[in-house]
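Data block for target_36.json (JSON, C-alpha atoms and all ligand atoms):
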[["chain", "number", "residue", "atom", "x", "y", "z"],
["A", 713, "MET", "CA", 11.01, 14.42, 1.93],
["A", 714, "LYS", "CA", 11.04, 11.21, -0.07],
["A", 715, "LEU", "CA", 13.14, 8.08, 0.36],
["A", 716, "TYR", "CA", 13.69, 5.77, -2.62],
["A", 717, "LYS", "CA", 15.18, 2.30, -2.38],
["A", 718, "ASN", "CA", 17.21, 0.86, -5.22],
["A", 719, "GLY", "CA", 19.05, -2.32, -4.29],
["A", 720, "ILE", "CA", 21.23, -1.40, -1.33],
["A", 721, "ARG", "CA", 21.19, 2.27, -2.37],
["A", 722, "ILE", "CA", 18.92, 4.76, -0.60],
["A", 723, "VAL", "CA", 18.17, 8.08, -2.28],
["A", 724, "LEU", "CA", 16.71, 11.03, -0.39],
["A", 725, "GLU", "CA", 14.77, 13.68, -2.31],
["A", 726, "HIS", "CA", 14.36, 17.06, -0.66],
["A", 727, "GLU", "CA", 13.40, 20.36, -2.31],
["A", 728, "GLU", "CA", 14.04, 18.92, -5.79],
["A", 729, "LYS", "CA", 17.58, 17.79, -4.93],
["A", 730, "PHE", "CA", 18.76, 14.21, -4.52],
["A", 731, "TYR", "CA", 21.21, 12.81, -1.95],
["A", 732, "GLY", "CA", 22.79, 9.41, -1.34],
["A", 733, "VAL", "CA", 22.13, 8.04, 2.15],
["A", 734, "ASP", "CA", 24.64, 5.69, 3.68],
["A", 735, "TYR", "CA", 22.40, 3.69, 6.01],
["A", 736, "GLN", "CA", 20.68, 0.33, 6.21],
["A", 737, "TRP", "CA", 16.98, 0.84, 5.48],
["A", 738, "ASP", "CA", 15.62, -0.52, 8.80],
["A", 739, "GLU", "CA", 18.18, 1.37, 10.84],
["A", 740, "LEU", "CA", 17.35, 4.60, 8.98],
["A", 741, "ILE", "CA", 13.58, 4.61, 9.06],
["A", 742, "ASN", "CA", 12.70, 3.00, 12.36],
["A", 743, "ARG", "CA", 12.79, 6.06, 14.59],
["A", 744, "LYS", "CA", 10.48, 8.58, 16.21],
["A", 745, "LYS", "CA", 10.53, 11.98, 14.47],
["A", 746, "LEU", "CA", 12.10, 10.57, 11.30],
["A", 747, "TYR", "CA", 11.54, 13.87, 9.45],
["A", 748, "GLN", "CA", 13.61, 15.87, 11.96],
["A", 749, "PHE", "CA", 16.32, 13.20, 11.93],
["A", 750, "LEU", "CA", 16.61, 13.34, 8.12],
["A", 751, "LEU", "CA", 16.70, 17.14, 8.21],
["A", 752, "LEU", "CA", 19.63, 17.02, 10.65],
["A", 753, "GLN", "CA", 21.49, 14.61, 8.35],
["A", 754, "MET", "CA", 21.12, 16.86, 5.28],
["A", 755, "ASN", "CA", 24.38, 18.81, 5.68],
["A", 756, "ALA", "CA", 26.45, 15.65, 5.77],
["A", 757, "LEU", "CA", 24.80, 14.08, 2.71],
["A", 758, "GLN", "CA", 26.33, 14.02, -0.76],
["A", 759, "GLU", "CA", 24.21, 15.47, -3.59],
["A", 760, "ILE", "CA", 23.77, 13.03, -6.49],
["A", 761, "GLU", "CA", 22.09, 12.86, -9.93],
["A", 762, "PRO", "CA", 18.34, 12.12, -9.85],
["A", 763, "PRO", "CA", 17.55, 8.42, -10.25],
["A", 764, "ASP", "CA", 15.99, 7.17, -13.52],
["A", 765, "PHE", "CA", 12.28, 7.20, -12.74],
["A", 766, "ASN", "CA", 11.50, 4.88, -15.67],
["A", 767, "GLN", "CA", 13.42, 2.06, -13.98],
["A", 768, "PRO", "CA", 11.94, -0.25, -11.32],
["A", 769, "PHE", "CA", 12.37, 0.72, -7.67],
["A", 770, "ASP", "CA", 12.43, -1.70, -4.78],
["A", 771, "PRO", "CA", 9.43, -1.50, -2.49],
["A", 772, "PRO", "CA", 10.21, 0.98, 0.33],
["A", 773, "ILE", "CA", 10.37, -1.71, 2.99],
["A", 774, "GLY", "CA", 13.16, -3.55, 4.78],
["A", 775, "SER", "CA", 12.50, -6.50, 7.06],
["A", 776, "GLN", "CA", 9.09, -5.23, 8.22],
["A", 777, "GLU", "CA", 5.84, -7.17, 7.92],
["A", 778, "LEU", "CA", 3.05, -5.72, 5.79],
["A", 779, "TRP", "CA", -0.41, -5.68, 7.38],
["A", 780, "ALA", "CA", -3.70, -4.36, 6.01],
["A", 781, "ALA", "CA", -6.90, -2.84, 7.32],
["A", 782, "GLY", "CA", -10.20, -3.68, 5.64],
["A", 783, "VAL", "CA", -13.67, -2.21, 5.24],
["A", 784, "THR", "CA", -12.50, 1.23, 6.29],
["A", 785, "TYR", "CA", -14.44, 3.00, 3.50],
["A", 786, "LEU", "CA", -18.19, 2.77, 2.81],
["A", 787, "ARG", "CA", -17.46, 1.75, -0.81],
["A", 788, "SER", "CA", -15.50, -1.31, 0.36],
["A", 789, "LYS", "CA", -18.25, -2.36, 2.78],
["A", 790, "GLU", "CA", -20.96, -2.11, 0.10],
["A", 791, "ALA", "CA", -18.96, -3.93, -2.59],
["A", 792, "ARG", "CA", -18.09, -6.78, -0.23],
["A", 793, "GLU", "CA", -21.62, -7.18, 1.12],
["A", 794, "LYS", "CA", -22.81, -7.69, -2.45],
["A", 795, "GLU", "CA", -19.96, -9.98, -3.52],
["A", 796, "SER", "CA", -20.47, -12.35, -0.57],
["A", 797, "ALA", "CA", -24.27, -12.17, -0.21],
["A", 798, "GLN", "CA", -24.57, -15.88, -1.18],
["A", 799, "SER", "CA", -22.11, -16.92, 1.53],
["A", 800, "GLY", "CA", -23.63, -14.90, 4.36],
["A", 801, "GLY", "CA", -21.57, -11.74, 3.88],
["A", 802, "GLY", "CA", -24.70, -9.57, 3.72],
["A", 803, "SER", "CA", -24.38, -8.64, 7.38],
["A", 804, "PHE", "CA", -20.91, -9.13, 8.80],
["A", 805, "TYR", "CA", -19.13, -6.52, 6.65],
["A", 806, "ASP", "CA", -21.75, -4.13, 7.94],
["A", 807, "LYS", "CA", -20.83, -5.09, 11.50],
["A", 808, "VAL", "CA", -17.07, -4.64, 11.05],
["A", 809, "TYR", "CA", -17.54, -1.25, 9.38],
["A", 810, "ASP", "CA", -19.43, 0.00, 12.44],
["A", 811, "ALA", "CA", -17.60, -1.97, 15.14],
["A", 812, "LYS", "CA", -15.10, -0.48, 17.56],
["A", 813, "ARG", "CA", -12.48, -3.06, 16.53],
["A", 814, "PRO", "CA", -11.21, -2.64, 12.94],
["A", 815, "GLU", "CA", -10.52, -5.49, 10.54],
["A", 816, "LEU", "CA", -6.74, -6.03, 10.42],
["A", 817, "PHE", "CA", -5.07, -8.87, 8.56],
["A", 818, "PHE", "CA", -1.56, -10.00, 7.73],
["A", 819, "LYS", "CA", -0.84, -9.23, 4.07],
["A", 820, "SER", "CA", 2.77, -10.04, 3.21],
["A", 821, "LEU", "CA", 6.36, -10.74, 4.06],
["A", 822, "PRO", "CA", 8.72, -8.24, 2.36],
["A", 823, "SER", "CA", 10.04, -10.93, -0.01],
["A", 824, "ARG", "CA", 6.63, -11.32, -1.71],
["A", 825, "ILE", "CA", 6.06, -7.59, -2.32],
["A", 826, "ALA", "CA", 6.46, -5.96, -5.75],
["A", 827, "GLY", "CA", 7.99, -2.51, -6.21],
["A", 828, "HIS", "CA", 7.35, 0.30, -8.68],
["A", 829, "ASN", "CA", 7.38, -0.61, -12.41],
["A", 830, "ASP", "CA", 7.30, -4.26, -11.41],
["A", 831, "ARG", "CA", 4.74, -7.03, -11.96],
["A", 832, "VAL", "CA", 1.87, -8.00, -9.69],
["A", 833, "HIS", "CA", 0.08, -11.33, -9.91],
["A", 834, "ILE", "CA", -3.43, -12.65, -10.29],
["A", 835, "ARG", "CA", -4.09, -16.24, -9.21],
["A", 836, "LYS", "CA", -4.70, -19.04, -11.72],
["A", 837, "ASP", "CA", -7.59, -20.32, -9.59],
["A", 838, "SER", "CA", -9.36, -16.94, -9.52],
["A", 839, "THR", "CA", -11.89, -15.56, -12.02],
["A", 840, "TRP", "CA", -12.47, -12.07, -10.62],
["A", 841, "ASP", "CA", -9.48, -9.89, -9.67],
["A", 842, "VAL", "CA", -9.00, -6.25, -8.74],
["A", 843, "PRO", "CA", -6.29, -3.94, -7.48],
["A", 844, "GLU", "CA", -7.03, -2.03, -4.27],
["A", 845, "PRO", "CA", -5.38, 1.42, -4.09],
["A", 846, "GLU", "CA", -4.45, 2.10, -0.49],
["A", 847, "LEU", "CA", -2.55, 4.71, 1.48],
["A", 848, "THR", "CA", 0.09, 2.68, 3.32],
["A", 849, "LEU", "CA", 1.68, 3.78, 6.59],
["A", 850, "PHE", "CA", 5.11, 3.15, 7.99],
["A", 851, "ILE", "CA", 4.67, 2.88, 11.76],
["A", 852, "SER", "CA", 7.82, 2.91, 13.91],
["A", 853, "SER", "CA", 8.42, 0.41, 16.73],
["A", 854, "ASP", "CA", 7.31, 3.25, 19.06],
["A", 855, "GLN", "CA", 3.86, 3.14, 17.39],
["A", 856, "THR", "CA", 4.29, 6.52, 15.66],
["A", 857, "ILE", "CA", 3.33, 7.06, 12.00],
["A", 858, "GLU", "CA", 6.56, 8.22, 10.35],
["A", 859, "GLY", "CA", 6.00, 7.72, 6.61],
["A", 860, "TYR", "CA", 3.52, 7.08, 3.82],
["A", 861, "THR", "CA", 3.62, 5.15, 0.58],
["A", 862, "VAL", "CA", 1.26, 3.98, -2.15],
["A", 863, "GLY", "CA", -0.03, 0.43, -1.76],
["A", 864, "ASN", "CA", -1.79, -2.02, -4.06],
["A", 865, "ASP", "CA", -3.69, -4.72, -2.13],
["A", 866, "MET", "CA", -4.35, -7.11, -5.05],
["A", 867, "SER", "CA", -7.43, -9.19, -4.29],
["A", 868, "SER", "CA", -9.36, -12.11, -5.72],
["A", 869, "ARG", "CA", -13.03, -11.18, -5.39],
["A", 870, "SER", "CA", -14.19, -14.62, -6.59],
["A", 871, "ILE", "CA", -12.30, -16.43, -3.80],
["A", 872, "GLU", "CA", -13.19, -13.86, -1.12],
["A", 873, "GLY", "CA", -16.86, -13.90, -2.24],
["A", 874, "GLU", "CA", -17.09, -17.70, -2.22],
["A", 875, "ASN", "CA", -16.45, -17.89, 1.50],
["A", 876, "PRO", "CA", -15.10, -15.18, 3.83],
["A", 877, "LEU", "CA", -12.88, -17.78, 5.49],
["A", 878, "TYR", "CA", -10.95, -17.87, 2.22],
["A", 879, "LEU", "CA", -9.79, -14.28, 2.82],
["A", 880, "ALA", "CA", -6.14, -15.25, 3.27],
["A", 881, "GLN", "CA", -6.08, -17.07, -0.09],
["A", 882, "ALA", "CA", -7.84, -14.16, -1.79],
["A", 883, "LYS", "CA", -5.28, -11.73, -0.40],
["A", 884, "VAL", "CA", -1.98, -13.46, 0.37],
["A", 885, "TYR", "CA", 0.09, -14.99, -2.43],
["A", 886, "ASP", "CA", 3.26, -14.13, -4.38],
["A", 887, "ARG", "CA", 3.21, -10.51, -5.61],
["A", 888, "SER", "CA", -0.27, -9.83, -4.31],
["A", 889, "ALA", "CA", 1.03, -6.60, -2.79],
["A", 890, "ALA", "CA", 2.92, -3.71, -4.32],
["A", 891, "LEU", "CA", 4.43, -0.68, -2.58],
["A", 892, "GLY", "CA", 6.14, 2.44, -3.89],
["A", 893, "PRO", "CA", 7.57, 4.37, -5.56],
["A", 894, "CYS", "CA", 8.97, 6.00, -2.38],
["A", 895, "LEU", "CA", 8.39, 6.56, 1.31],
["A", 896, "LEU", "CA", 7.10, 10.09, 1.91],
["A", 897, "VAL", "CA", 8.30, 11.47, 5.24],
["A", 898, "LEU", "CA", 6.43, 14.50, 6.53],
["A", 899, "GLU", "CA", 6.84, 16.83, 9.46],
["A", 900, "ASN", "CA", 3.11, 16.74, 10.18],
["A", 901, "PRO", "CA", 0.42, 14.11, 9.54],
["A", 902, "ILE", "CA", -0.68, 13.74, 5.91],
["A", 903, "SER", "CA", -3.56, 16.05, 4.90],
["A", 904, "GLU", "CA", -7.12, 14.69, 5.08],
["A", 905, "GLU", "CA", -7.71, 16.21, 1.65],
["A", 906, "THR", "CA", -5.13, 13.90, 0.06],
["A", 907, "ALA", "CA", -6.63, 12.21, -3.01],
["A", 908, "ILE", "CA", -6.06, 8.59, -4.07],
["A", 909, "GLN", "CA", -6.53, 7.76, -7.75],
["A", 910, "LEU", "CA", -6.69, 4.43, -9.55],
["A", 911, "ASN", "CA", -6.30, 4.13, -13.33],
["A", 912, "ILE", "CA", -6.21, 0.82, -15.19],
["A", 913, "TYR", "CA", -4.99, 0.57, -18.79],
["A", 914, "ARG", "CA", -5.48, -2.28, -21.28],
["A", 915, "HIS", "CA", -3.47, -2.06, -24.52],
["A", 916, "ASN", "CA", -2.77, 1.56, -23.51],
["A", 917, "GLU", "CA", -6.48, 2.43, -23.28],
["A", 918, "LYS", "CA", -7.95, 3.47, -19.98],
["A", 919, "VAL", "CA", -10.50, 0.83, -18.92],
["A", 920, "PHE", "CA", -11.17, 2.08, -15.39],
["A", 921, "SER", "CA", -10.64, 5.26, -13.45],
["A", 922, "GLY", "CA", -11.72, 6.05, -9.89],
["A", 923, "GLU", "CA", -10.82, 8.38, -7.06],
["A", 924, "THR", "CA", -11.28, 8.78, -3.33],
["A", 925, "ALA", "CA", -9.78, 10.83, -0.48],
["A", 926, "ILE", "CA", -8.23, 9.98, 2.85],
["A", 927, "SER", "CA", -10.98, 12.01, 4.56],
["A", 928, "LYS", "CA", -13.41, 9.19, 3.62],
["A", 929, "ILE", "CA", -11.64, 6.63, 5.84],
["A", 930, "LYS", "CA", -13.99, 5.80, 8.71],
["A", 931, "ARG", "CA", -11.31, 5.74, 11.44],
["A", 932, "PRO", "CA", -8.33, 7.94, 12.36],
["A", 933, "LEU", "CA", -5.06, 6.48, 11.00],
["A", 934, "GLN", "CA", -3.49, 6.43, 14.48],
["A", 935, "GLU", "CA", -6.43, 4.34, 15.75],
["A", 936, "LEU", "CA", -5.64, 1.67, 13.13],
["A", 937, "ALA", "CA", -1.99, 1.73, 14.20],
["A", 938, "ASP", "CA", -2.91, 1.49, 17.89],
["A", 939, "TYR", "CA", -5.10, -1.59, 17.31],
["A", 940, "LEU", "CA", -2.30, -3.27, 15.37],
["A", 941, "PHE", "CA", 0.11, -2.78, 18.29],
["A", 942, "LEU", "CA", -2.42, -3.76, 20.96],
["A", 943, "GLU", "CA", -0.89, -7.18, 21.69],
["A", 944, "THR", "CA", 1.93, -7.30, 19.12],
["A", 945, "ASN", "CA", 5.38, -5.72, 19.04],
["A", 946, "PHE", "CA", 7.09, -4.76, 15.82],
["A", 947, "PRO", "CA", 10.78, -4.27, 16.73],
["A", 948, "LYS", "CA", 11.66, -2.90, 13.24],
["A", 949, "GLY", "CA", 8.35, -1.09, 12.76],
["A", 950, "VAL", "CA", 5.59, -2.24, 10.40],
["A", 951, "MET", "CA", 3.80, -1.22, 7.20],
["A", 952, "LEU", "CA", 0.00, -0.97, 7.25],
["A", 953, "MET", "CA", -2.34, -0.63, 4.25],
["A", 954, "THR", "CA", -5.37, 1.42, 5.26],
["A", 955, "GLY", "CA", -8.13, -0.06, 3.06],
["A", 956, "THR", "CA", -9.64, 0.72, -0.30],
["A", 957, "GLY", "CA", -12.21, 3.35, -1.18],
["A", 958, "VAL", "CA", -12.16, 2.58, -4.90],
["A", 959, "VAL", "CA", -13.73, -0.62, -6.24],
["A", 960, "PRO", "CA", -14.27, -1.11, -9.99],
["A", 961, "PRO", "CA", -17.79, -2.15, -11.11],
["A", 962, "ASP", "CA", -18.69, -5.82, -10.64],
["A", 963, "GLU", "CA", -18.30, -6.70, -14.33],
["A", 964, "PHE", "CA", -14.64, -5.58, -14.26],
["A", 965, "THR", "CA", -11.81, -8.04, -13.76],
["A", 966, "LEU", "CA", -8.08, -7.56, -14.33],
["A", 967, "GLN", "CA", -6.45, -9.27, -17.28],
["A", 968, "GLU", "CA", -2.87, -10.25, -17.97],
["A", 969, "GLU", "CA", -0.76, -7.28, -19.22],
["A", 970, "ASP", "CA", -3.08, -4.64, -17.72],
["A", 971, "ARG", "CA", -1.19, -1.64, -16.34],
["A", 972, "VAL", "CA", -2.31, -0.48, -12.92],
["A", 973, "GLU", "CA", -1.45, 3.06, -11.87],
["A", 974, "ILE", "CA", -2.18, 4.28, -8.36],
["A", 975, "SER", "CA", -1.45, 7.89, -7.47],
["A", 976, "ILE", "CA", -1.56, 9.56, -4.08],
["A", 977, "ASP", "CA", -1.05, 13.33, -3.79],
["A", 978, "GLY", "CA", 2.42, 14.18, -2.55],
["A", 979, "ILE", "CA", 3.75, 10.61, -2.78],
["A", 980, "GLY", "CA", 3.63, 9.83, -6.51],
["A", 981, "THR", "CA", 2.41, 7.07, -8.82],
["A", 982, "LEU", "CA", 2.93, 3.36, -8.30],
["A", 983, "ILE", "CA", 2.87, 1.49, -11.63],
["A", 984, "ASN", "CA", 2.50, -2.27, -11.91],
["A", 985, "TYR", "CA", 1.91, -4.77, -14.72],
["A", 986, "VAL", "CA", -0.45, -7.71, -14.23],
["A", 987, "LYS", "CA", 0.75, -11.27, -14.80],
["A", 988, "LYS", "CA", -0.81, -14.67, -14.13],
["A", 989, "ASN", "CA", 0.99, -16.38, -11.30],
["A", 990, "ASN", "CA", 2.57, -19.17, -13.34],
["A", 991, "LYS", "CA", 5.28, -20.78, -11.33],
["B", 1001, "LIG", "O1", -12.60, -7.87, 4.26],
["B", 1001, "LIG", "C1", -11.95, -7.99, 3.30],
["B", 1001, "LIG", "C2", -10.82, -7.15, 2.88],
["B", 1001, "LIG", "C3", -11.08, -5.69, 2.91],
["B", 1001, "LIG", "C4", -10.05, -4.87, 2.23],
["B", 1001, "LIG", "O2", -8.99, -5.31, 1.83],
["B", 1001, "LIG", "C5", -10.30, -3.42, 2.04],
["B", 1001, "LIG", "O3", -11.36, -2.91, 2.43],
["B", 1001, "LIG", "O4", -9.42, -2.76, 1.49],
["B", 1002, "MG", "MG", -7.71, -3.82, 0.81]]
Whole structure, structure tokens version:
Amino acid sequence: MKLYKNGIRIVLEHEEKFYGVDYQWDELINRKKLYQFLLLQMNALQEIEPPDFNQPFDPPIGSQELWAAGVTYLRSKEAREKESAQSGGGSFYDKVYDAKRPELFFKSLPSRIAGHNDRVHIRKDSTWDVPEPELTLFISSDQTIEGYTVGNDMSSRSIEGENPLYLAQAKVYDRSAALGPCLLVLENPISEETAIQLNIYRHNEKVFSGETAISKIKRPLQELADYLFLETNFPKGVMLMTGTGVVPPDEFTLQEEDRVEISIDGIGTLINYVKKNNK
């Protein structure tokens, strides 16, 4: 089942049919066994025309915070060790990859997040920028994983590489995160075989393509969720990006007007256009 958010309108897709859902987003999604709840609602829902998939969608988030996990794939560890070798990063990424405690960081308030077919930003003070394609979880206030979406954890590699203490500036700024196009709600946990694909287009030509799979994440998804909740409550639930396993080669940097497409099996494709963050 998929939930799309379009202004105040929520659209539920189930078995190729579309239904209008008369709920507030937070009230609807923040529950244990969301799939079963939606199934029970089906009879009472009104069937509607499919939405226009060429239009923008709002990110599938309400008032939740967006957090992110890092260095959960070998590829991310290796790329970051290299990028920050001059600033001492040669060893600590190694340590966090193998440590019991994962790297978790605050990524965004909902108001700074871009949706599908929307723009994402690169910073004016950055010279090396990449998208990070990441499976993103919706975790209920009861600490259960109830939904999945596609996430783009836009990152400045030049700022992050200069000094690891600059991580927040490399990662957290207006439109540095995108989520969408929908929230996939499943009866059972998402398959380990699920593939994540990143394609980047410049003037309609593909300039980068890469792929990974959820099975390559070092830690179980529930373990990431459990660490996040260790000393913090999320009364409306929380979204969590689970790290990148695809990093373009070092000579690649995003440019204005690039089109970033991230696809995850079963969820769909999140499309974003790159702009410089000119206020
Ligand atoms: O440690 C820096 C950030 C890691 C990250 O965002 C990732 O691995 O996806
Ligand atoms: Mg990331």
Discussion item. Counting all atoms listed in the file, I want the residues whose atoms come within 12 Å of (-9.3, 5.6, 7.2) in the file frame, returned as a PyMOL selection string.
Written reply: chain A and resi 780-786+788+809+814-815+846-849+902+904+906+924-937+952-957
What would the file look like if the residues just selected were written as a PDB file, keeping the file's coordinate frame with C-alpha atoms?
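Below you can see result35.pdb, which holds the result:
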ATOM      1  CA  ALA A 780      -3.700  -4.360   6.010  1.00  0.00           C
ATOM      2  CA  ALA A 781      -6.900  -2.840   7.320  1.00  0.00           C
ATOM      3  CA  GLY A 782     -10.200  -3.680   5.640  1.00  0.00           C
ATOM      4  CA  VAL A 783     -13.670  -2.210   5.240  1.00  0.00           C
ATOM      5  CA  THR A 784     -12.500   1.230   6.290  1.00  0.00           C
ATOM      6  CA  TYR A 785     -14.440   3.000   3.500  1.00  0.00           C
ATOM      7  CA  LEU A 786     -18.190   2.770   2.810  1.00  0.00           C
ATOM      8  CA  SER A 788     -15.500  -1.310   0.360  1.00  0.00           C
ATOM      9  CA  TYR A 809     -17.540  -1.250   9.380  1.00  0.00           C
ATOM     10  CA  PRO A 814     -11.210  -2.640  12.940  1.00  0.00           C
ATOM     11  CA  GLU A 815     -10.520  -5.490  10.540  1.00  0.00           C
ATOM     12  CA  GLU A 846      -4.450   2.100  -0.490  1.00  0.00           C
ATOM     13  CA  LEU A 847      -2.550   4.710   1.480  1.00  0.00           C
ATOM     14  CA  THR A 848       0.090   2.680   3.320  1.00  0.00           C
ATOM     15  CA  LEU A 849       1.680   3.780   6.590  1.00  0.00           C
ATOM     16  CA  ILE A 902      -0.680  13.740   5.910  1.00  0.00           C
ATOM     17  CA  GLU A 904      -7.120  14.690   5.080  1.00  0.00           C
ATOM     18  CA  THR A 906      -5.130  13.900   0.060  1.00  0.00           C
ATOM     19  CA  THR A 924     -11.280   8.780  -3.330  1.00  0.00           C
ATOM     20  CA  ALA A 925      -9.780  10.830  -0.480  1.00  0.00           C
ATOM     21  CA  ILE A 926      -8.230   9.980   2.850  1.00  0.00           C
ATOM     22  CA  SER A 927     -10.980  12.010   4.560  1.00  0.00           C
ATOM     23  CA  LYS A 928     -13.410   9.190   3.620  1.00  0.00           C
ATOM     24  CA  ILE A 929     -11.640   6.630   5.840  1.00  0.00           C
ATOM     25  CA  LYS A 930     -13.990   5.800   8.710  1.00  0.00           C
ATOM     26  CA  ARG A 931     -11.310   5.740  11.440  1.00  0.00           C
ATOM     27  CA  PRO A 932      -8.330   7.940  12.360  1.00  0.00           C
ATOM     28  CA  LEU A 933      -5.060   6.480  11.000  1.00  0.00           C
ATOM     29  CA  GLN A 934      -3.490   6.430  14.480  1.00  0.00           C
ATOM     30  CA  GLU A 935      -6.430   4.340  15.750  1.00  0.00           C
ATOM     31  CA  LEU A 936      -5.640   1.670  13.130  1.00  0.00           C
ATOM     32  CA  ALA A 937      -1.990   1.730  14.200  1.00  0.00           C
ATOM     33  CA  LEU A 952       0.000  -0.970   7.250  1.00  0.00           C
ATOM     34  CA  MET A 953      -2.340  -0.630   4.250  1.00  0.00           C
ATOM     35  CA  THR A 954      -5.370   1.420   5.260  1.00  0.00           C
ATOM     36  CA  GLY A 955      -8.130  -0.060   3.060  1.00  0.00           C
ATOM     37  CA  THR A 956      -9.640   0.720  -0.300  1.00  0.00           C
ATOM     38  CA  GLY A 957     -12.210   3.350  -1.180  1.00  0.00           C
TER      39      GLY A 957
END
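Nearest residue to ligand LIG 1001 (chain B) among A:Asp806, A:Glu973, A:Glu844, A:Glu943 is A:Glu844, counting all atoms listed in the file.
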Discussion item. With distances taken over only C-alpha atoms, which residue among A:Ala811, A:Ala797, A:Leu746, A:Ile983 lies nearest Ala826 in chain A?
Written reply: A:Ile983
Discussion item. What does the structure give for the distance between CA of Trp779 in chain A and CA of Tyr747 in chain A, in Å to one decimal?
Written reply: 23.0 Å
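CA of Arg831 in chain A lies 12.5 Å from CA of Gly892 in chain A.
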Worksheet item: Can you tell me how far CA of Ser852 in chain A sits from CA of Arg743 in chain A, in Å to one decimal?
Response: 5.9 Å
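With distances restricted to all atoms listed in the file, A:Lys883 is the closest residue to Leu778 in chain A from A:Arg792, A:His828, A:Lys812, A:Lys883.
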Practice prompt. Pick out the residues sitting within 12 Å of Asn742 in chain A, and hand them over as a ChimeraX atom specification; count only C-alpha atoms, and ignore anything fewer than 4 positions along from it in its own chain.
Written response: /A:735-738,746-747,749-750,773-776,850-859,897,946-951
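Here the question is which of A:Asp841, A:Asp734, A:Asp810, A:Glu872 gets nearest to ligand LIG 1001 (chain B) using all atoms listed in the file, and that residue is A:Glu872.
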Box for ligand LIG 1001 (chain B): with edges along x, y and z, all listed atoms inside and 6 Å added on each side, what are the centre and edge lengths in Å to one decimal, as lines of an AutoDock Vina configuration file?
center_x = -10.8
center_y = -5.4
center_z = 2.9
size_x = 15.6
size_y = 17.2
size_z = 14.8
Complete range 938-949 of chain A at the level of N, CA, C and O atoms, written as an mmCIF file, in the frame of the given file.
data_model
loop_
_atom_site.group_PDB
_atom_site.id
_atom_site.type_symbol
_atom_site.label_atom_id
_atom_site.label_comp_id
_atom_site.auth_asym_id
_atom_site.auth_seq_id
_atom_site.Cartn_x
_atom_site.Cartn_y
_atom_site.Cartn_z
ATOM 1 N N ASP A 938 -2.838 1.877 16.475
ATOM 2 C CA ASP A 938 -2.910 1.490 17.890
ATOM 3 C C ASP A 938 -3.514 0.092 18.048
ATOM 4 O O ASP A 938 -3.049 -0.702 18.869
ATOM 5 N N TYR A 939 -4.526 -0.241 17.236
ATOM 6 C CA TYR A 939 -5.100 -1.590 17.310
ATOM 7 C C TYR A 939 -4.075 -2.640 16.897
ATOM 8 O O TYR A 939 -3.982 -3.708 17.483
ATOM 9 N N LEU A 940 -3.291 -2.304 15.861
ATOM 10 C CA LEU A 940 -2.300 -3.270 15.370
ATOM 11 C C LEU A 940 -1.267 -3.600 16.458
ATOM 12 O O LEU A 940 -0.808 -4.733 16.585
ATOM 13 N N PHE A 941 -0.929 -2.600 17.253
ATOM 14 C CA PHE A 941 0.110 -2.780 18.290
ATOM 15 C C PHE A 941 -0.464 -3.277 19.617
ATOM 16 O O PHE A 941 0.300 -3.473 20.566
ATOM 17 N N LEU A 942 -1.770 -3.458 19.685
ATOM 18 C CA LEU A 942 -2.420 -3.760 20.960
ATOM 19 C C LEU A 942 -1.751 -4.917 21.715
ATOM 20 O O LEU A 942 -1.446 -4.807 22.887
ATOM 21 N N GLU A 943 -1.514 -6.026 21.029
ATOM 22 C CA GLU A 943 -0.890 -7.180 21.690
ATOM 23 C C GLU A 943 0.302 -7.695 20.887
ATOM 24 O O GLU A 943 0.703 -8.839 21.037
ATOM 25 N N THR A 944 0.836 -6.845 19.987
ATOM 26 C CA THR A 944 1.930 -7.300 19.120
ATOM 27 C C THR A 944 3.004 -6.227 19.029
ATOM 28 O O THR A 944 2.690 -5.057 18.794
ATOM 29 N N ASN A 945 4.251 -6.640 19.212
ATOM 30 C CA ASN A 945 5.380 -5.720 19.040
ATOM 31 C C ASN A 945 5.949 -5.856 17.644
ATOM 32 O O ASN A 945 5.970 -6.944 17.070
ATOM 33 N N PHE A 946 6.438 -4.750 17.124
ATOM 34 C CA PHE A 946 7.090 -4.760 15.820
ATOM 35 C C PHE A 946 8.450 -4.082 16.003
ATOM 36 O O PHE A 946 8.573 -2.861 15.846
ATOM 37 N N PRO A 947 9.483 -4.853 16.364
ATOM 38 C CA PRO A 947 10.780 -4.270 16.730
ATOM 39 C C PRO A 947 11.423 -3.422 15.623
ATOM 40 O O PRO A 947 12.199 -2.525 15.910
ATOM 41 N N LYS A 948 11.098 -3.698 14.356
ATOM 42 C CA LYS A 948 11.660 -2.900 13.240
ATOM 43 C C LYS A 948 10.617 -1.952 12.660
ATOM 44 O O LYS A 948 10.807 -1.392 11.591
ATOM 45 N N GLY A 949 9.458 -1.837 13.326
ATOM 46 C CA GLY A 949 8.350 -1.090 12.760
ATOM 47 C C GLY A 949 7.534 -1.984 11.845
ATOM 48 O O GLY A 949 7.856 -3.182 11.673
#
